[in-house]
Every structure is written in structure tokens, then in C-alpha cells.
file run.txt (compact mmCIF, C-alpha atoms)
# COMPACT_ATOMS: atom_id res chain seq x y z
CA MET O 6 60.41 41.83 -44.75
CA SER O 7 61.99 42.33 -41.35
CA VAL O 8 65.61 41.38 -40.76
CA GLN O 9 66.60 39.24 -37.80
CA PRO O 10 68.92 41.44 -35.71
CA SER O 11 72.30 40.34 -34.45
CA PRO O 12 72.28 38.60 -31.08
CA ASP O 13 72.26 40.94 -28.09
CA HIS O 14 72.64 38.97 -24.87
CA ALA O 15 72.62 42.05 -22.64
CA VAL O 16 69.27 43.29 -23.96
CA GLY O 17 67.81 39.80 -23.62
CA ALA O 18 68.97 39.56 -20.03
CA ALA O 19 67.43 42.95 -19.25
CA VAL O 20 64.10 41.95 -20.80
CA LYS O 21 64.03 38.74 -18.79
CA ALA O 22 64.99 40.53 -15.56
CA ALA O 23 62.16 43.05 -15.97
CA ASP O 24 59.73 40.24 -16.70
CA ARG O 25 60.77 38.33 -13.59
CA ALA O 26 60.48 41.46 -11.47
CA HIS O 27 57.06 42.64 -12.57
CA VAL O 28 55.06 40.28 -14.85
CA PHE O 29 52.64 37.77 -13.32
CA HIS O 30 52.17 34.92 -15.81
CA SER O 31 49.01 32.94 -16.47
CA TRP O 32 48.56 29.25 -15.58
CA SER O 33 51.97 29.16 -13.86
CA ALA O 34 53.72 28.77 -10.52
CA GLN O 35 55.63 32.01 -10.79
CA GLY O 36 58.83 30.78 -9.17
CA LEU O 37 59.09 27.68 -11.36
CA ILE O 38 59.01 29.25 -14.84
CA ASP O 39 61.77 30.63 -17.04
CA PRO O 40 60.13 32.55 -19.92
CA LEU O 41 62.11 32.83 -23.14
CA ALA O 42 62.80 36.47 -24.07
CA ILE O 43 61.67 37.08 -27.65
CA ALA O 44 63.42 39.61 -29.89
CA GLY O 45 61.22 39.37 -32.99
CA ALA O 46 59.14 37.28 -35.37
CA GLU O 47 58.17 36.98 -39.00
CA GLY O 48 56.02 34.53 -40.93
CA SER O 49 56.37 31.05 -39.47
CA TYR O 50 59.36 31.88 -37.23
CA PHE O 51 60.32 33.81 -34.10
CA TRP O 52 63.72 34.26 -32.47
CA ASP O 53 65.34 35.09 -29.16
CA TYR O 54 68.07 37.57 -28.18
CA ASP O 55 70.73 34.88 -28.55
CA GLY O 56 69.89 34.64 -32.24
CA LYS O 57 68.22 31.21 -32.03
CA ARG O 58 65.32 30.93 -34.44
CA TYR O 59 62.29 28.70 -33.86
CA LEU O 60 59.80 27.37 -36.38
CA ASP O 61 56.48 28.15 -34.70
CA PHE O 62 54.54 24.87 -34.77
CA SER O 63 52.35 26.20 -31.93
CA CYS O 64 51.15 29.38 -33.68
CA GLN O 65 51.73 30.90 -30.22
CA LEU O 66 48.36 29.80 -28.77
CA VAL O 67 47.03 28.49 -32.08
CA ASN O 68 46.09 32.00 -33.11
CA THR O 69 48.69 33.46 -35.53
CA ASN O 70 46.90 31.89 -38.49
CA ILE O 71 48.44 34.28 -41.04
CA GLY O 72 51.86 34.11 -39.38
CA HIS O 73 53.81 36.82 -37.64
CA GLN O 74 54.01 40.40 -38.90
CA HIS O 75 51.89 40.08 -42.06
CA PRO O 76 52.62 43.40 -43.80
CA LYS O 77 49.04 44.07 -44.89
CA VAL O 78 47.72 43.70 -41.34
CA VAL O 79 50.53 45.72 -39.80
CA ALA O 80 49.84 48.52 -42.31
CA ALA O 81 46.09 48.42 -41.59
CA ILE O 82 46.68 48.85 -37.85
CA GLN O 83 49.05 51.76 -38.50
CA GLU O 84 46.62 53.46 -40.86
CA GLN O 85 43.69 53.05 -38.46
CA ALA O 86 45.76 54.39 -35.56
CA ALA O 87 46.40 57.56 -37.55
CA LYS O 88 42.69 57.91 -38.35
CA LEU O 89 40.81 56.87 -35.18
CA CYS O 90 42.39 54.89 -32.35
CA THR O 91 39.29 54.29 -30.26
CA ILE O 92 35.61 55.07 -29.96
CA ALA O 93 32.86 53.77 -27.68
CA PRO O 94 30.89 50.74 -28.90
CA GLY O 95 27.61 52.67 -29.07
CA PHE O 96 28.66 54.54 -32.23
CA ALA O 97 28.50 53.32 -35.83
CA VAL O 98 32.04 53.16 -37.21
CA ASP O 99 33.13 52.10 -40.69
CA VAL O 100 35.74 49.56 -39.59
CA ARG O 101 33.43 47.93 -37.06
CA SER O 102 30.63 47.58 -39.59
CA GLU O 103 32.96 46.24 -42.27
CA ALA O 104 34.61 43.73 -39.95
CA ALA O 105 31.15 42.47 -38.90
CA ARG O 106 30.08 42.20 -42.55
CA LEU O 107 33.17 40.21 -43.50
CA VAL O 108 32.72 37.79 -40.61
CA ALA O 109 28.98 37.36 -41.27
CA GLU O 110 29.70 36.74 -44.96
CA ARG O 111 31.69 33.65 -43.98
CA THR O 112 29.68 32.18 -41.12
CA PRO O 113 27.27 29.35 -41.94
CA GLY O 114 23.53 29.87 -42.35
CA ASP O 115 21.86 33.01 -41.00
CA LEU O 116 24.50 33.98 -38.42
CA ASP O 117 24.47 37.54 -39.70
CA LYS O 118 24.68 39.67 -36.55
CA ILE O 119 28.05 40.02 -34.82
CA PHE O 120 28.67 40.98 -31.20
CA PHE O 121 32.35 41.83 -30.74
CA THR O 122 34.33 40.96 -27.62
CA ASN O 123 37.97 41.21 -26.58
CA GLY O 124 38.67 37.50 -27.00
CA GLY O 125 37.35 33.96 -26.98
CA ALA O 126 36.44 33.59 -23.31
CA GLU O 127 34.29 36.72 -23.40
CA ALA O 128 32.68 35.45 -26.60
CA VAL O 129 31.68 32.25 -24.81
CA GLU O 130 30.55 34.23 -21.77
CA ASN O 131 28.20 36.35 -23.88
CA ALA O 132 26.95 33.46 -26.01
CA VAL O 133 25.86 31.65 -22.86
CA ARG O 134 24.19 34.81 -21.55
CA MET O 135 22.30 35.22 -24.83
CA ALA O 136 21.13 31.61 -24.70
CA ARG O 137 19.94 31.89 -21.12
CA VAL O 138 18.02 35.11 -21.74
CA HIS O 139 16.58 33.79 -25.01
CA THR O 140 15.30 30.55 -23.47
CA GLY O 141 14.62 31.64 -19.90
CA ARG O 142 16.50 28.53 -18.76
CA ALA O 143 19.63 28.21 -16.65
CA LYS O 144 21.58 25.04 -17.37
CA VAL O 145 24.28 24.68 -20.02
CA LEU O 146 25.72 21.35 -21.13
CA SER O 147 29.36 21.09 -22.19
CA ALA O 148 31.78 18.28 -22.88
CA TYR O 149 34.61 16.81 -20.92
CA ARG O 150 37.84 17.18 -22.91
CA SER O 151 37.11 20.80 -23.80
CA TYR O 152 38.40 24.29 -23.18
CA HIS O 153 36.20 27.38 -23.44
CA GLY O 154 38.17 30.11 -21.64
CA ALA O 155 39.13 31.43 -18.22
CA THR O 156 36.31 33.85 -17.34
CA ALA O 157 33.65 32.84 -14.83
CA ALA O 158 31.17 30.97 -17.03
CA ALA O 159 33.75 29.85 -19.58
CA ILE O 160 36.04 28.19 -17.04
CA ASN O 161 33.12 26.28 -15.55
CA LEU O 162 32.13 25.10 -19.02
CA THR O 163 35.68 23.89 -19.60
CA GLY O 164 36.19 20.15 -19.31
CA ASP O 165 39.87 19.98 -18.41
CA PRO O 166 41.72 20.34 -15.08
CA ARG O 167 42.13 24.10 -15.39
CA ARG O 168 38.49 24.25 -14.27
CA TRP O 169 39.01 22.52 -10.97
CA ALA O 170 40.33 25.41 -8.87
CA SER O 171 37.43 27.67 -9.92
CA ASP O 172 34.58 25.15 -10.10
CA THR O 173 32.10 25.91 -7.32
CA ALA O 174 29.52 23.47 -8.72
CA SER O 175 27.05 26.36 -8.76
CA ALA O 176 27.40 27.69 -12.30
CA GLY O 177 24.53 25.72 -13.85
CA VAL O 178 26.94 23.61 -15.92
CA VAL O 179 26.53 19.90 -16.62
CA HIS O 180 29.32 17.99 -18.34
CA PHE O 181 28.88 15.01 -20.66
CA TRP O 182 31.09 12.78 -22.81
CA ALA O 183 31.54 13.73 -26.45
CA PRO O 184 32.77 11.16 -28.99
CA PHE O 185 36.46 10.24 -29.12
CA ARG O 186 36.88 6.77 -30.51
CA TYR O 187 40.59 6.34 -29.74
CA ARG O 188 39.82 6.71 -26.04
CA SER O 189 36.12 5.93 -26.26
CA PRO O 190 34.04 6.21 -23.10
CA PHE O 191 31.43 4.17 -24.99
CA HIS O 192 33.58 1.10 -25.87
CA ALA O 193 32.67 1.57 -29.52
CA ASP O 194 34.00 -0.64 -32.31
CA SER O 195 33.51 1.86 -35.15
CA GLU O 196 33.05 5.56 -35.83
CA ARG O 197 29.37 4.93 -36.53
CA GLN O 198 28.90 3.13 -33.22
CA GLU O 199 30.82 5.88 -31.39
CA CYS O 200 28.51 8.50 -32.91
CA GLU O 201 25.33 6.56 -32.06
CA ARG O 202 26.36 5.85 -28.48
CA ALA O 203 27.57 9.40 -27.88
CA LEU O 204 24.25 10.82 -29.09
CA ARG O 205 22.33 8.34 -26.93
CA HIS O 206 24.43 9.36 -23.91
CA LEU O 207 23.69 13.04 -24.61
CA GLU O 208 19.97 12.33 -24.90
CA ASP O 209 20.05 10.39 -21.62
CA THR O 210 21.86 13.27 -19.92
CA ILE O 211 19.23 15.71 -21.17
CA ALA O 212 16.39 13.44 -20.04
CA PHE O 213 17.77 13.07 -16.52
CA GLU O 214 18.63 16.79 -16.21
CA GLY O 215 15.22 17.87 -17.54
CA PRO O 216 15.07 19.30 -21.08
CA GLN O 217 12.99 22.24 -19.88
CA THR O 218 15.89 23.35 -17.64
CA ILE O 219 18.58 23.41 -20.36
CA ALA O 220 19.37 26.66 -22.14
CA ALA O 221 22.24 25.53 -24.36
CA ILE O 222 24.66 22.85 -25.43
CA ILE O 223 28.13 24.19 -26.24
CA LEU O 224 30.74 22.21 -28.15
CA GLU O 225 34.05 23.04 -29.73
CA THR O 226 33.36 22.06 -33.34
CA ILE O 227 36.71 20.25 -33.25
CA PRO O 228 38.11 20.31 -29.71
CA GLY O 229 41.45 22.10 -29.68
CA THR O 230 43.66 22.06 -26.60
CA ALA O 231 41.91 18.89 -25.39
CA GLY O 232 43.24 16.87 -28.31
CA ILE O 233 41.96 17.82 -31.79
CA MET O 234 39.37 15.05 -31.89
CA VAL O 235 37.49 15.35 -35.20
CA PRO O 236 33.89 14.31 -34.48
CA PRO O 237 32.56 11.26 -36.36
CA PRO O 238 30.23 11.80 -39.32
CA GLY O 239 26.72 12.59 -38.20
CA TYR O 240 27.52 13.60 -34.62
CA LEU O 241 27.15 17.37 -34.91
CA ALA O 242 24.08 16.96 -37.11
CA GLY O 243 22.67 14.70 -34.42
CA VAL O 244 23.31 17.31 -31.72
CA ARG O 245 21.63 19.91 -33.92
CA GLU O 246 18.53 17.69 -34.22
CA ILE O 247 18.41 17.08 -30.45
CA CYS O 248 18.66 20.82 -29.76
CA ASP O 249 15.85 21.54 -32.20
CA ARG O 250 13.64 18.90 -30.62
CA TYR O 251 13.99 20.30 -27.10
CA GLY O 252 14.26 24.02 -27.87
CA ILE O 253 17.89 24.10 -26.71
CA VAL O 254 20.30 26.66 -28.14
CA PHE O 255 23.22 25.05 -29.99
CA ILE O 256 26.51 26.93 -29.54
CA LEU O 257 29.62 26.03 -31.52
CA ASP O 258 32.91 27.30 -30.14
CA GLU O 259 35.15 28.06 -33.15
CA VAL O 260 37.66 30.17 -31.22
CA MET O 261 40.53 27.83 -32.13
CA ALA O 262 39.14 25.91 -35.10
CA GLY O 263 37.87 28.92 -37.06
CA PHE O 264 39.29 31.17 -39.76
CA GLY O 265 41.11 28.68 -41.92
CA ARG O 266 42.64 26.45 -39.27
CA THR O 267 40.93 23.28 -40.55
CA GLY O 268 41.09 24.16 -44.24
CA HIS O 269 37.67 25.85 -44.27
CA TRP O 270 36.71 29.28 -43.00
CA PHE O 271 34.94 27.53 -40.12
CA ALA O 272 35.19 23.93 -39.00
CA ALA O 273 31.38 23.71 -39.10
CA ASP O 274 31.67 23.85 -42.90
CA HIS O 275 33.12 20.32 -42.85
CA PHE O 276 29.94 18.98 -41.28
CA GLY O 277 27.19 21.04 -42.93
CA VAL O 278 25.86 22.21 -39.56
CA THR O 279 24.67 25.68 -38.58
CA PRO O 280 24.55 26.49 -34.84
CA ASP O 281 22.36 29.14 -33.24
CA LEU O 282 25.43 30.95 -31.89
CA LEU O 283 29.06 30.70 -33.00
CA THR O 284 31.97 32.06 -30.99
CA PHE O 285 35.22 33.16 -32.60
CA ALA O 286 38.51 34.93 -31.80
CA LYS O 287 42.19 34.00 -32.40
CA GLY O 288 42.39 33.58 -36.19
CA VAL O 289 39.93 36.38 -36.97
CA ASN O 290 42.96 38.71 -36.93
CA SER O 291 45.73 36.32 -35.87
CA GLY O 292 45.81 37.93 -32.44
CA TYR O 293 47.52 41.10 -33.70
CA VAL O 294 45.06 43.12 -31.56
CA PRO O 295 42.73 41.41 -29.03
CA LEU O 296 39.39 40.56 -30.70
CA GLY O 297 36.65 37.95 -30.46
CA GLY O 298 32.95 37.76 -31.00
CA VAL O 299 29.64 35.93 -31.24
CA ALA O 300 27.86 35.35 -34.54
CA ILE O 301 24.13 35.35 -33.82
CA SER O 302 21.20 33.70 -35.62
CA ALA O 303 18.21 35.74 -36.73
CA GLU O 304 15.94 34.10 -34.14
CA ILE O 305 18.17 34.90 -31.19
CA ALA O 306 18.95 38.39 -32.48
CA ALA O 307 15.18 39.05 -32.66
CA THR O 308 14.91 38.38 -28.91
CA PHE O 309 16.73 41.66 -28.37
CA ASP O 310 14.90 43.79 -30.96
CA GLN O 311 12.73 45.44 -28.30
CA ARG O 312 14.50 44.13 -25.21
CA PRO O 313 17.94 45.42 -24.23
CA TYR O 314 20.74 42.91 -24.32
CA PRO O 315 22.12 42.79 -20.75
CA GLY O 316 25.80 42.92 -21.58
CA GLY O 317 28.55 45.04 -23.06
CA LEU O 318 32.26 45.78 -23.14
CA THR O 319 34.15 49.07 -23.21
CA TYR O 320 36.30 47.80 -26.09
CA SER O 321 33.62 45.91 -28.05
CA GLY O 322 34.50 46.34 -31.71
CA HIS O 323 37.66 48.34 -30.99
CA PRO O 324 38.69 50.20 -34.18
CA LEU O 325 42.28 48.94 -34.20
CA ALA O 326 41.12 45.37 -33.68
CA CYS O 327 38.45 45.64 -36.37
CA ALA O 328 40.90 47.17 -38.84
CA SER O 329 43.25 44.25 -38.26
CA ALA O 330 40.37 41.80 -38.78
CA ILE O 331 39.40 43.41 -42.08
CA ALA O 332 42.99 43.22 -43.31
CA THR O 333 43.37 39.63 -42.10
CA ILE O 334 40.18 38.34 -43.71
CA ASN O 335 40.90 40.15 -46.98
CA ALA O 336 44.48 38.87 -47.06
CA MET O 337 43.28 35.33 -46.41
CA ALA O 338 40.83 35.59 -49.30
CA GLU O 339 43.22 37.31 -51.73
CA GLU O 340 46.18 35.06 -51.00
CA GLY O 341 44.35 31.73 -50.86
CA ILE O 342 45.42 31.15 -47.27
CA VAL O 343 42.47 28.91 -46.35
CA GLU O 344 43.11 26.82 -49.43
CA ASN O 345 46.79 26.62 -48.53
CA ALA O 346 45.90 25.26 -45.07
CA ALA O 347 43.76 22.56 -46.67
CA ALA O 348 46.41 21.60 -49.22
CA ILE O 349 49.26 21.50 -46.71
CA GLY O 350 47.17 19.31 -44.43
CA ASP O 351 46.13 16.92 -47.18
CA ASN O 352 49.44 16.70 -49.01
CA VAL O 353 52.18 17.33 -46.45
CA ILE O 354 51.26 17.26 -42.76
CA GLY O 355 48.73 14.42 -42.77
CA PRO O 356 50.83 12.01 -44.88
CA GLY O 357 54.04 13.13 -43.13
CA LEU O 358 52.67 12.48 -39.65
CA ARG O 359 51.36 9.06 -40.65
CA GLU O 360 54.81 8.14 -41.97
CA ILE O 361 56.41 9.40 -38.76
CA ALA O 362 53.96 7.32 -36.69
CA GLU O 363 55.16 4.15 -38.41
CA ARG O 364 58.70 4.80 -37.18
CA HIS O 365 57.92 5.72 -33.57
CA PRO O 366 56.33 3.37 -31.03
CA SER O 367 55.40 6.41 -28.90
CA VAL O 368 52.83 7.59 -31.48
CA GLY O 369 49.47 6.00 -30.74
CA GLU O 370 47.25 7.98 -33.09
CA VAL O 371 47.48 10.73 -35.71
CA ARG O 372 44.39 12.89 -36.20
CA GLY O 373 43.44 16.25 -37.65
CA LEU O 374 42.48 18.45 -40.60
CA GLY O 375 44.12 21.38 -42.38
CA VAL O 376 46.86 22.75 -40.14
CA PHE O 377 45.17 21.36 -37.01
CA TRP O 378 46.72 18.01 -36.03
CA ALA O 379 47.57 16.02 -32.92
CA LEU O 380 49.82 13.08 -32.09
CA ASP O 381 48.52 11.03 -29.16
CA LEU O 382 51.69 9.78 -27.46
CA VAL O 383 51.62 6.47 -25.60
CA ARG O 384 53.81 4.13 -23.55
CA ASP O 385 52.27 1.12 -25.25
CA ARG O 386 50.39 1.07 -28.55
CA GLU O 387 48.46 -2.06 -27.65
CA THR O 388 47.08 -0.82 -24.32
CA ARG O 389 47.06 2.86 -25.42
CA GLU O 390 48.44 3.85 -22.03
CA PRO O 391 49.23 7.59 -22.30
CA LEU O 392 52.92 8.52 -22.29
CA VAL O 393 52.23 10.50 -19.09
CA PRO O 394 49.29 10.28 -16.65
CA TYR O 395 46.32 12.60 -16.95
CA ASN O 396 47.24 16.10 -15.75
CA ALA O 397 50.80 14.97 -14.97
CA SER O 398 53.33 17.38 -13.50
CA GLY O 399 56.86 17.27 -12.15
CA ALA O 400 58.63 13.93 -12.48
CA ASP O 401 55.47 12.26 -13.80
CA ASN O 402 55.58 14.57 -16.83
CA GLN O 403 59.27 13.96 -17.61
CA PRO O 404 58.69 12.02 -20.85
CA MET O 405 56.76 14.92 -22.38
CA ALA O 406 59.25 17.44 -20.99
CA ASP O 407 62.08 15.47 -22.64
CA PHE O 408 60.22 15.47 -25.95
CA ALA O 409 59.48 19.21 -25.81
CA ALA O 410 63.10 20.00 -24.96
CA ALA O 411 64.27 17.94 -27.94
CA CYS O 412 61.94 19.92 -30.23
CA LYS O 413 63.31 23.22 -28.98
CA ARG O 414 66.92 22.10 -29.34
CA GLY O 415 66.13 21.32 -32.96
CA GLY O 416 64.63 24.77 -33.56
CA LEU O 417 60.94 23.81 -33.37
CA TRP O 418 58.54 25.40 -30.89
CA PRO O 419 55.93 22.71 -30.09
CA PHE O 420 52.41 22.85 -28.69
CA VAL O 421 52.36 20.23 -25.93
CA ASN O 422 49.41 19.36 -23.71
CA MET O 423 49.30 16.34 -21.40
CA ASN O 424 50.32 13.31 -23.51
CA ARG O 425 49.89 15.04 -26.87
CA THR O 426 51.82 17.24 -29.21
CA HIS O 427 49.79 19.32 -31.61
CA VAL O 428 51.01 20.25 -35.08
CA VAL O 429 49.44 23.68 -35.59
CA PRO O 430 51.64 25.90 -37.79
CA PRO O 431 50.28 29.05 -39.46
CA CYS O 432 47.76 28.63 -42.28
CA THR O 433 50.40 30.35 -44.42
CA VAL O 434 53.03 27.69 -43.76
CA THR O 435 54.88 26.63 -46.91
CA GLU O 436 55.52 23.06 -47.99
CA ALA O 437 59.23 23.51 -47.24
CA GLU O 438 58.55 24.89 -43.75
CA ALA O 439 56.09 22.10 -42.98
CA LYS O 440 58.61 19.47 -44.05
CA GLU O 441 61.32 21.19 -41.99
CA GLY O 442 59.10 21.03 -38.93
CA LEU O 443 58.14 17.41 -39.51
CA ALA O 444 61.81 16.45 -39.78
CA ILE O 445 62.58 18.08 -36.42
CA LEU O 446 59.50 16.45 -34.89
CA ASP O 447 60.59 13.08 -36.26
CA GLU O 448 63.96 13.39 -34.53
CA ALA O 449 62.50 14.71 -31.27
CA LEU O 450 60.12 11.75 -30.97
CA ASN O 451 63.14 9.56 -30.22
CA ALA O 452 63.05 11.18 -26.78
CA ALA O 453 59.47 10.00 -26.33
CA ASP O 454 60.28 6.53 -27.68
CA ALA O 455 62.80 6.13 -24.86
CA HIS O 456 59.89 5.99 -22.41
CA THR O 457 57.82 3.35 -24.25
CA ALA O 458 57.29 -0.20 -23.07
call {"tool": "encode", "arguments": {"input": "run.txt", "output": "C-alpha cells"}}
result
Amino acid sequence: MSVQPSPDHAVGAAVKAADRAHVFHSWSAQGLIDPLAIAGAEGSYFWDYDGKRYLDFSCQLVNTNIGHQHPKVVAAIQEQAAKLCTIAPGFAVDVRSEAARLVAERTPGDLDKIFFTNGGAEAVENAVRMARVHTGRAKVLSAYRSYHGATAAAINLTGDPRRWASDTASAGVVHFWAPFRYRSPFHADSERQECERALRHLEDTIAFEGPQTIAAIILETIPGTAGIMVPPPGYLAGVREICDRYGIVFILDEVMAGFGRTGHWFAADHFGVTPDLLTFAKGVNSGYVPLGGVAISAEIAATFDQRPYPGGLTYSGHPLACASAIATINAMAEEGIVENAAAIGDNVIGPGLREIAERHPSVGEVRGLGVFWALDLVRDRETREPLVPYNASGADNQPMADFAAACKRGGLWPFVNMNRTHVVPPCTVTEAEAKEGLAILDEALNAADAHTA
């Protein structure tokens, strides 16, 4: 167990000054940000140089599934560094083989071959490449309200505004509407109707695009950053059937939803669906060392038995990353971490959020599974008008900024996107920690209520 050091304002100021002088931050106007300088972290908490501790209800970027500084994973990285820090991906190495075996053991169906990448975006990039080579087709269909990464193909597949600056309309990507009953594009009256109409819309899109031109359909099993919208029963099975009928590769993006986040090893396990390709990253080793990958079906793997796969990465299956994945997966199995995520979701977070929603007019909907939840915040429950406009910034985003600031004052670090706050603590979160976070969230929502009709 690490000990939180005494506050050291001078060191914190020096860290921040160096950051401001030399670090270029992602997704930011550099002159408008004020990054918090972090002194350390452990379990479900991190703290700054002023000694303020935050309960991490964001899991950083929804990736520290086993919490900060898990001793078994830290030890595994140290031991591997002493043995073999790096080796090219063309060699057979014990940690790479074992990490692949442990992942394949948990993926659904026959997804038994693992191609390692440095993260989720590269996993998506390579899954799409595999699908295009396997089918000889070019187009890929992806959903609005999605995020697949920031590399060239992945950002074009993304269905949120981060795509706009990079979208040249020449990437062979076609977007469609996936089901989301609370804000249904299909005017559905029930989950069943939402599922039926969403599948019909997808079939119509395929028909008008030409099935013979479509290599793949990619979906986040449960969309993450876009709002944690759990698909209605039958939807993913319906997409699987459509893909089979037209010879389209079905890709599930489990980068955020995988490795215990939803209370199963993979979110696909909730729906009994096996894709042709499954992308993963984040929770595979809680981000301790960059790692992602693609789990590949036997049919697609066979395409490259006698034909070289046209892709590779210098750090594919990096030994330090693979060692951390082995330790993470084993710790999750030995310590019942996936089961803990399911129990905390069923018994604490889900019921707690529904109780909170009854007290706050700003909460339009509660949705989620495991330790993967979202509150859809609104100005008016009847009209469902979002608390802030789509892609709001500046003064338009003030209601959400007020809410986030209230969370931080209370010692909770939130995950906020557009008009939503996501409740995504580590899979290791205890009942007491979850209740602590919900109490802070409950208080902070008063700031959002102030902006309701």
C-alpha cells in the first residue's frame, strides 16, 4: 500500500509549469486548459500536490478497471523489465503467447487468434483492414453516437463531433442510426419496436449502399463515450444475422466495454453474440502499459494462412505490456473482480442512481450495467431537452461545467460528455466507495437542477 505524501505546493507548481511549457494535450485548445498536477494514485483514488484526494469515478478514460497501482500488476511489470524489456514482434516470446492465450480463453466463440496493438484505435484500424482484405470490399458501416479512436480509419468511423475536422468523406465509411430508445430516431414506443425499426433501417442502408460493396459493420457492443446505451434485446443478434446473410464481417468494439466493465468479461456475453472480429484495449491491463488488440475468428485468420497480412507494429505484443495483461487477467480471475463489478452494479450503483434520479429534475434517464452507467441530464423531463445543446462549448456548456465543478469540490472526479455524466469507477470499487461517490454525485446534481425548467 502506498502512502499519500504530504502536500508539496512547490513541486506541484513546477510540474504544472513544465507541462505548460512543453506538453501538447489532446482534444484541447492549448491556451484554454489548466491541467491538474497529479502526485499519486492508489485503488479508486488519486490526489494532487495540494493533498486533495479524488474518488476516480472516471477510471481516467474508463480504463483503470483494476484501479490504480494494483500490486500484482506493478510487480509483474518490474519482473518482466528485469528479464526482457523488449523484443521485435516476429519472435515467439512466453509473455506474448500467454497473454494471447488468456485473452482468447475469454473471448466468445472461436476468436482464438490475437493480433496485439498499442491501443484501441490501432485495434480498430487493423480490424477494418482485415475485414477489407478478407472480403475484397471497401465500405464499412458504423453508427452515429459512437467513438472508435483517433487514427485515420478509426476517426472516420467515429460518430461524434471529434470526427468532423478529419472527415474527408473519402474513407469508405457510411454511418447509420443504432437503437437508443430514450432519444429514438425511429419514434419507437417500446424496446421491441426500437429494435425492429433499427434493424429495418440498417437493412435499408445496406440495400441502398449495395451489399456487395460492404466489407464490415462495426459497433461498440455497448457504446461508451457516446452515452452507454445498452442495446435492446435481439438487436445485436439481428445484426449478426444480417451480416451472415450478406457476407459482411461483423466487428464488435469492446475497447471500453470489455474486461469486466459490464459485469462480464466482454459485453457480448450479455447478448450471446459472437462477432467475426473483436477489438479490445483499456481494461486488458488497466492501461498500466499501452496495449490493445484484435481477436480474430478462425475463418478470417485462415485468409492469412498463405497470404501475408499487410500490417504490423514495432511494439505489437510488447513484453512489458503483455506481462501486465497476464497479471491483470489473472488478478481479475483470482480476486473475483468481474463478479464484483456485476454485484456493485446490481446492488449499489443501479439502485442508487435510480433513487438519485427521483430527487433531481435534471436526471432524464439512468442506464447501464456493471460499473458502466450514464445519467442523461435534461432541462425538462417531459420534453427531454438536453441540459446543454449537442456539442456545446463555452457559455452554452455552463450547466455541465457547473455540475463537474461541484463534483470536484466534493472530491469526486467525474466523466462528463455533452449532457451526460458517466458513473464508471474501477471494477474493484467497494460498496463503501461506490456509496461515497453516489453521495457526492447526489449533492453535485443540485448544480444541474439549477438550470432546469
call {"tool": "closest_residue", "arguments": {"input": "run.txt", "among": "O:Val100, O:Ala143, O:Pro356, O:Arg386", "to": "O:Lys88", "atoms": "only C-alpha atoms"}}
result
O:Val100
call {"tool": "residues_around", "arguments": {"input": "run.txt", "residues": "O:Ala300", "least_positions_apart": "2", "cutoff": "9 Å", "atoms": "all atoms listed in the file", "output": "list of chain:residue names"}}
result
O:Ala105, O:Val108, O:Ala109, O:Thr112, O:Leu116, O:Asp117, O:Lys118, O:Ile119, O:Phe120, O:Phe121, O:Ala132, O:Asp281, O:Leu282, O:Leu283, O:Thr284, O:Phe285, O:Gly298, O:Ser302
call {"tool": "atom_distance", "arguments": {"input": "run.txt", "atom1": "atom CA of O:Pro391", "atom2": "atom CA of O:Ala410"}}
result
18.8 Å
call {"tool": "atom_distance", "arguments": {"input": "run.txt", "atom1": "atom CA of O:Pro237", "atom2": "atom CA of O:Arg266"}}
result
18.5 Å
call {"tool": "atom_distance", "arguments": {"input": "run.txt", "atom1": "atom CA of O:Ala148", "atom2": "atom CA of O:Thr279"}}
result
18.8 Å
call {"tool": "closest_residue", "arguments": {"input": "run.txt", "among": "O:Pro431, O:Gly416, O:Gly243, O:Gly263", "to": "O:Leu60", "atoms": "all atoms listed in the file"}}
result
O:Gly416
call {"tool": "closest_residue", "arguments": {"input": "run.txt", "among": "O:Ser11, O:Thr308, O:Thr435, O:Thr457", "to": "O:Tyr50", "atoms": "all atoms listed in the file"}}
result
O:Thr435
call {"tool": "residues_around", "arguments": {"input": "run.txt", "residues": "O:Val421", "least_positions_apart": "3", "cutoff": "9 Å", "atoms": "only C-alpha atoms", "output": "count of residues only"}}
result
9
call {"tool": "residues_around", "arguments": {"input": "run.txt", "residues": "O:Glu246", "least_positions_apart": "2", "cutoff": "12 Å", "atoms": "only C-alpha atoms", "output": "list in words"}}
result
Leu204, Leu207, Glu208, Ile222, Gly239, Tyr240, Leu241, Ala242, Gly243, Val244, Cys248, Asp249, Arg250, Tyr251, Gly252, Ile253, Val254, Phe255, Val278, Thr279 and Pro280 of chain O
call {"tool": "residues_around", "arguments": {"input": "run.txt", "residues": "stretch 158-164 of chain O", "least_positions_apart": "6", "cutoff": "6 Å", "atoms": "all atoms listed in the file", "output": "JSON list (two decimals) with C-alpha atoms, in the frame of the given file"}}
result
[["chain", "number", "residue", "atom", "x", "y", "z"],
["O", 126, "ALA", "CA", 36.44, 33.59, -23.31],
["O", 130, "GLU", "CA", 30.55, 34.23, -21.77],
["O", 147, "SER", "CA", 29.36, 21.09, -22.19],
["O", 148, "ALA", "CA", 31.78, 18.28, -22.88],
["O", 149, "TYR", "CA", 34.61, 16.81, -20.92],
["O", 150, "ARG", "CA", 37.84, 17.18, -22.91],
["O", 151, "SER", "CA", 37.11, 20.80, -23.80],
["O", 152, "TYR", "CA", 38.40, 24.29, -23.18],
["O", 172, "ASP", "CA", 34.58, 25.15, -10.10]]
call {"tool": "closest_residue", "arguments": {"input": "run.txt", "among": "O:Ser175, O:Ala347, O:Val376, O:Thr218", "to": "O:Ala439", "atoms": "only C-alpha atoms"}}
result
O:Val376
call {"tool": "residues_around", "arguments": {"input": "run.txt", "residues": "O:Ala87", "least_positions_apart": "5", "cutoff": "12 Å", "atoms": "only C-alpha atoms", "output": "list of chain:residue names"}}
result
O:Ala80, O:Ala81, O:Ile82, O:Pro324, O:Leu325, O:Ala328
call {"tool": "write_last_selection", "arguments": {"input": "run.txt", "atoms": "C-alpha atoms", "output": "CSV table (one decimal), in the coordinates of the input"}}
result
chain,number,residue,atom,x,y,z
O,80,ALA,CA,49.8,48.5,-42.3
O,81,ALA,CA,46.1,48.4,-41.6
O,82,ILE,CA,46.7,48.8,-37.8
O,324,PRO,CA,38.7,50.2,-34.2
O,325,LEU,CA,42.3,48.9,-34.2
O,328,ALA,CA,40.9,47.2,-38.8
call {"tool": "residues_near_point", "arguments": {"input": "run.txt", "point": "(56.0, 25.9, -42.5)", "cutoff": "12 Å", "atoms": "all atoms listed in the file", "output": "MDAnalysis selection string"}}
result
chainID O and resid 47:50 59:64 70:72 345:346 349:350 353:354 376 417:418 428:445
call {"tool": "axis_aligned_box", "arguments": {"input": "run.txt", "around": "stretch 223-238 of chain O", "padding_each_side": "6 Å", "output": "JSON"}}
result
{"center_x": 35.9, "center_y": 17.7, "center_z": -32.4, "size_x": 27.5, "size_y": 24.9, "size_z": 25.9}
call {"tool": "closest_residue", "arguments": {"input": "run.txt", "among": "O:Thr226, O:Thr91, O:Asn131, O:Ser321", "to": "O:Thr156", "atoms": "only C-alpha atoms"}}
result
O:Asn131
call {"tool": "closest_residue", "arguments": {"input": "run.txt", "among": "O:Leu374, O:Ala155, O:Leu380, O:Val28", "to": "O:Pro236", "atoms": "only C-alpha atoms"}}
result
O:Leu374
